[in-house]
Amino acid sequence: MRLVIIGAGFAGMYAALSAARLRDIKGVSPEEFEIALVAPEPTLVVRPRLYEPKPETLTAPLLDVLEAIDVVYVQGRAETIDTKARVVQVTTAKGTRKTLSYDRLVVATGSRLFRPNIPGLAEHGFSVDQLDDAIALDRHLHSLADRPAMNGRDTVVVAGGGFTGIEAATEIPSRLRAILGENAKTRVIIVERNSAIAPDMGADPRPVIEDALRKLGVETRLGAGVASLDKSGVTLSDGERIEAETVIWAAGIRRAVDCADTRRARQFRPAACRSRFARAGGSRRLRHRRRRSRGMRRRR
């Protein structure tokens, strides 16, 4: 019997650990019940913290852990799932394809940043969605020190006033001062289409968030979105022009798996496809942060 887990994030890692522990408790050998984890790299990325400096340090190797609990690591990317034949087609780093059969399947591919077709976004927008994205942003911020302090060098626009946007925006002032000097006239602006900041969190924690933004000097532009980007700034949907050499896109996420591909067999559909939070555009990460926001309200 074989359990296949797709994804090496927190959900995939804990699925592998839990299955291995249960297998051990039941006294079942790895030969009788194989656990295989499929991922491009055997590395856990601490994705919720990629807005911080030095994002390349926010990883942890998993290979030794997987070997210690007798979980087979399959390097590659899952391309298709055939729920009738119960097979996963995996493409390796070298481009070769292999088929992996399963008796049970866990799809833990998480979410991905939604990047709409906005003029200039692909060319000039940064993000903290994936490790490579966060490293690119970090290198860009450090490169600002070599540029003249004009034309929006010290201005950062964050598109999206949800959790990720708020976290990125509140971290940027200290990051810029560490790079440009304490006397740098930094400016951080959150652009949010909704009429209020943190629209998914509800009204109760909003005063705390707004107060924190004010104390950090973070500005907001509410009721408007980013209409276009270029190398020197952004134009908002209400016509306002903001000169900024750094634009961070944090306006929403989508699940990283197409639920239509697994619709034929509900028991094998990923939890993201069944979750009411996911149908509303949420994720496990969102649920964790909602719990955290409730904790903030209790402490008030």
# chains A, B, ... in the order shown; residues from 1 in each chain; ligands from 1

call {"tool": "residues_around", "arguments": {"residues": "Thr99 (chain A)", "least_positions_apart": "5", "cutoff": "10 Å", "atoms": "only C-alpha atoms", "output": "list in words"}}
result
Ala78, Thr80, Ile81, Val87, Val88, Gln89, Val90 and Thr91 of chain A

call {"tool": "closest_atom_pairs", "arguments": {"of": "region 125-155 of chain A", "to": "region 247-252 of chain A", "cutoff": "7 Å", "atoms": "only C-alpha atoms", "output": "CSV"}}
result
residue,atom,partner,partner_atom,distance
A:Gly125,CA,A:Val247,CA,5.3
A:Phe126,CA,A:Ile248,CA,4.6
A:Ser127,CA,A:Ile248,CA,5.0

call {"tool": "write_last_selection", "arguments": {"atoms": "N, CA and C atoms", "output": "mmCIF file, in the first residue's frame"}}
result
data_model
loop_
_atom_site.group_PDB
_atom_site.id
_atom_site.type_symbol
_atom_site.label_atom_id
_atom_site.label_comp_id
_atom_site.auth_asym_id
_atom_site.auth_seq_id
_atom_site.Cartn_x
_atom_site.Cartn_y
_atom_site.Cartn_z
ATOM 1 N N GLY A 125 6.806 44.567 -10.912
ATOM 2 C CA GLY A 125 6.272 44.243 -9.602
ATOM 3 C C GLY A 125 7.097 43.198 -8.865
ATOM 4 N N PHE A 126 7.199 43.360 -7.546
ATOM 5 C CA PHE A 126 7.862 42.383 -6.687
ATOM 6 C C PHE A 126 6.801 41.712 -5.811
ATOM 7 N N SER A 127 7.193 40.645 -5.132
ATOM 8 C CA SER A 127 6.275 39.987 -4.212
ATOM 9 C C SER A 127 7.076 39.241 -3.155
#

call {"tool": "residues_around", "arguments": {"residues": "Leu180 (chain A)", "least_positions_apart": "2", "cutoff": "12 Å", "atoms": "only C-alpha atoms", "output": "list in words"}}
result
Leu141, His142, Ser143, Leu144, Ala145, Asp146, Arg147, Pro148, Ala149, Arg153, Asp154, Thr155, Ile172, Pro173, Ser174, Arg175, Leu176, Arg177, Ala178, Glu182, Asn183, Ala184, Lys185 and Thr186 of chain A

call {"tool": "closest_residue", "arguments": {"among": "A:Glu210, A:Asp70, A:Asp230, A:Asp132", "to": "Ile166 (chain A)", "atoms": "only C-alpha atoms"}}
result
A:Glu210

call {"tool": "closest_atom_pairs", "arguments": {"of": "region 44-78 of chain A", "to": "region 10-20 of chain A", "cutoff": "10 Å", "atoms": "only C-alpha atoms", "output": "Markdown table"}}
result
| residue | atom | partner | partner_atom | distance |
| --- | --- | --- | --- | --- |
| A:Leu44 | CA | A:Phe10 | CA | 7.2 |
| A:Val45 | CA | A:Phe10 | CA | 8.4 |
| A:Val46 | CA | A:Phe10 | CA | 8.2 |
| A:Arg47 | CA | A:Phe10 | CA | 9.2 |
| A:Leu62 | CA | A:Met13 | CA | 8.4 |
| A:Val65 | CA | A:Leu17 | CA | 9.0 |
| A:Leu66 | CA | A:Ala16 | CA | 8.0 |
| A:Ile69 | CA | A:Ala20 | CA | 6.3 |
| A:Asp70 | CA | A:Ala20 | CA | 7.5 |
| A:Val71 | CA | A:Ala16 | CA | 7.1 |
| A:Val72 | CA | A:Ala16 | CA | 9.8 |

call {"tool": "write_last_selection", "arguments": {"atoms": "C-alpha atoms", "output": "tab-separated table (two decimals), in the first residue's frame"}}
result
chain	number	residue	atom	x	y	z
A	44	LEU	CA	10.66	23.50	3.93
A	45	VAL	CA	10.24	27.20	3.20
A	46	VAL	CA	8.91	29.31	6.08
A	47	ARG	CA	6.64	31.11	3.67
A	62	LEU	CA	13.90	17.91	5.08
A	65	VAL	CA	14.03	14.06	8.54
A	66	LEU	CA	12.27	12.08	5.82
A	69	ILE	CA	11.06	8.31	9.48
A	70	ASP	CA	11.26	6.11	6.35
A	71	VAL	CA	9.44	8.46	4.02
A	72	VAL	CA	10.50	8.13	0.39

call {"tool": "atom_distance", "arguments": {"atom1": "CA of Arg21 (chain A)", "atom2": "CA of Gly110 (chain A)"}}
result
22.8 Å

call {"tool": "select_by_dssp", "arguments": {"residues": "region 130-255 of chain A", "states": "strand (DSSP E)", "output": "number ranges by chain"}}
result
A: 155-159, 187-192, 218-222, 226-230, 233-236, 241-243, 246-249, 253-255

call {"tool": "closest_residue", "arguments": {"among": "A:Glu245, A:Asp133, A:Ile118, A:Gln75", "to": "Arg97 (chain A)", "atoms": "only C-alpha atoms"}}
result
A:Gln75

call {"tool": "select_by_dssp", "arguments": {"residues": "region 16-99 of chain A", "states": "alpha helix (DSSP H)", "output": "PyMOL selection string"}}
result
chain A and resi 16-25+63-68

call {"tool": "write_last_selection", "arguments": {"atoms": "C-alpha atoms", "output": "PDB file, in the first residue's frame"}}
result
ATOM      1  CA  ALA A  16       4.270  12.799   6.317  1.00  0.00           C
ATOM      2  CA  LEU A  17       5.231  12.983   9.994  1.00  0.00           C
ATOM      3  CA  SER A  18       1.729  12.050  11.161  1.00  0.00           C
ATOM      4  CA  ALA A  19       1.405   9.153   8.732  1.00  0.00           C
ATOM      5  CA  ALA A  20       4.819   7.806   9.702  1.00  0.00           C
ATOM      6  CA  ARG A  21       3.955   8.064  13.404  1.00  0.00           C
ATOM      7  CA  LEU A  22       0.635   6.277  12.917  1.00  0.00           C
ATOM      8  CA  ARG A  23       2.357   3.585  10.878  1.00  0.00           C
ATOM      9  CA  ASP A  24       4.814   3.067  13.722  1.00  0.00           C
ATOM     10  CA  ILE A  25       2.044   2.995  16.355  1.00  0.00           C
ATOM     11  CA  LEU A  63      15.832  15.038   3.534  1.00  0.00           C
ATOM     12  CA  ASP A  64      17.404  13.808   6.784  1.00  0.00           C
ATOM     13  CA  VAL A  65      14.035  14.056   8.540  1.00  0.00           C
ATOM     14  CA  LEU A  66      12.268  12.082   5.817  1.00  0.00           C
ATOM     15  CA  GLU A  67      14.955   9.415   5.797  1.00  0.00           C
ATOM     16  CA  ALA A  68      14.784   9.096   9.581  1.00  0.00           C
TER      17      ALA A  68
END

call {"tool": "atom_distance", "arguments": {"atom1": "CA of Glu240 (chain A)", "atom2": "CA of Ala159 (chain A)"}}
result
14.0 Å

call {"tool": "closest_residue", "arguments": {"among": "A:Ala168, A:Ala39, A:Ala256, A:Ala203", "to": "Thr92 (chain A)", "atoms": "only C-alpha atoms"}}
result
A:Ala39

call {"tool": "closest_residue", "arguments": {"among": "A:Arg221, A:Lys84, A:Arg49, A:Lys215", "to": "Gly160 (chain A)", "atoms": "only C-alpha atoms"}}
result
A:Arg221

call {"tool": "residues_around", "arguments": {"residues": "Leu131 (chain A)", "least_positions_apart": "2", "cutoff": "12 Å", "atoms": "only C-alpha atoms", "output": "PyMOL selection string"}}
result
chain A and resi 43-59+112+126-129+133-138

call {"tool": "write_last_selection", "arguments": {"atoms": "N, CA and C atoms", "output": "tab-separated table (two decimals), in the first residue's frame"}}
result
chain	number	residue	atom	x	y	z
A	43	THR	N	12.94	20.69	0.81
A	43	THR	CA	13.19	21.87	1.65
A	43	THR	C	11.88	22.47	2.11
A	44	LEU	N	11.80	22.79	3.39
A	44	LEU	CA	10.66	23.50	3.93
A	44	LEU	C	10.96	24.99	3.90
A	45	VAL	N	10.11	25.75	3.24
A	45	VAL	CA	10.24	27.20	3.20
A	45	VAL	C	9.26	27.81	4.20
A	46	VAL	N	9.77	28.66	5.08
A	46	VAL	CA	8.91	29.31	6.08
A	46	VAL	C	8.22	30.48	5.38
A	47	ARG	N	7.27	30.14	4.56
A	47	ARG	CA	6.64	31.11	3.67
A	47	ARG	C	5.95	32.27	4.36
A	48	PRO	N	5.28	32.05	5.52
A	48	PRO	CA	4.62	33.19	6.16
A	48	PRO	C	5.57	34.30	6.62
A	49	ARG	N	6.88	34.04	6.59
A	49	ARG	CA	7.84	35.05	7.05
A	49	ARG	C	8.72	35.59	5.93
A	50	LEU	N	8.34	35.36	4.70
A	50	LEU	CA	9.18	35.79	3.58
A	50	LEU	C	9.22	37.30	3.39
A	51	TYR	N	8.41	38.04	4.11
A	51	TYR	CA	8.46	39.50	4.05
A	51	TYR	C	9.63	40.06	4.86
A	52	GLU	N	10.31	39.19	5.63
A	52	GLU	CA	11.40	39.64	6.49
A	52	GLU	C	12.72	39.76	5.72
A	53	PRO	N	13.72	40.45	6.30
A	53	PRO	CA	15.05	40.50	5.67
A	53	PRO	C	15.69	39.11	5.62
A	54	LYS	N	16.66	38.96	4.75
A	54	LYS	CA	17.42	37.72	4.58
A	54	LYS	C	16.50	36.50	4.41
A	55	PRO	N	15.62	36.54	3.44
A	55	PRO	CA	14.69	35.43	3.26
A	55	PRO	C	15.36	34.11	2.93
A	56	GLU	N	16.58	34.16	2.41
A	56	GLU	CA	17.27	32.91	2.07
A	56	GLU	C	17.56	32.07	3.30
A	57	THR	N	17.47	32.67	4.50
A	57	THR	CA	17.71	31.92	5.73
A	57	THR	C	16.43	31.23	6.24
A	58	LEU	N	15.30	31.51	5.62
A	58	LEU	CA	14.03	31.00	6.11
A	58	LEU	C	13.66	29.67	5.46
A	59	THR	N	14.59	28.74	5.50
A	59	THR	CA	14.38	27.41	4.95
A	59	THR	C	14.94	26.37	5.92
A	112	ARG	N	-0.98	30.13	-4.20
A	112	ARG	CA	-0.04	30.93	-4.97
A	112	ARG	C	-0.60	32.33	-5.13
A	126	PHE	N	7.20	43.36	-7.55
A	126	PHE	CA	7.86	42.38	-6.69
A	126	PHE	C	6.80	41.71	-5.81
A	127	SER	N	7.19	40.64	-5.13
A	127	SER	CA	6.28	39.99	-4.21
A	127	SER	C	7.08	39.24	-3.16
A	128	VAL	N	6.36	38.71	-2.16
A	128	VAL	CA	6.98	37.85	-1.14
A	128	VAL	C	6.26	36.51	-1.13
A	129	ASP	N	5.78	36.10	-2.30
A	129	ASP	CA	4.99	34.88	-2.39
A	129	ASP	C	5.83	33.62	-2.27
A	133	ASP	N	10.99	34.94	-5.09
A	133	ASP	CA	10.40	36.29	-5.14
A	133	ASP	C	10.94	37.15	-4.01
A	134	ALA	N	10.98	36.59	-2.81
A	134	ALA	CA	11.44	37.34	-1.65
A	134	ALA	C	12.92	37.69	-1.75
A	135	ILE	N	13.72	36.77	-2.28
A	135	ILE	CA	15.15	37.05	-2.47
A	135	ILE	C	15.34	38.17	-3.49
A	136	ALA	N	14.55	38.14	-4.58
A	136	ALA	CA	14.64	39.20	-5.59
A	136	ALA	C	14.29	40.55	-5.00
A	137	LEU	N	13.25	40.60	-4.16
A	137	LEU	CA	12.88	41.86	-3.50
A	137	LEU	C	13.99	42.34	-2.58
A	138	ASP	N	14.56	41.42	-1.81
A	138	ASP	CA	15.63	41.80	-0.87
A	138	ASP	C	16.83	42.38	-1.62

call {"tool": "atom_distance", "arguments": {"atom1": "CA of Arg86 (chain A)", "atom2": "CA of Met1 (chain A)"}}
result
12.0 Å
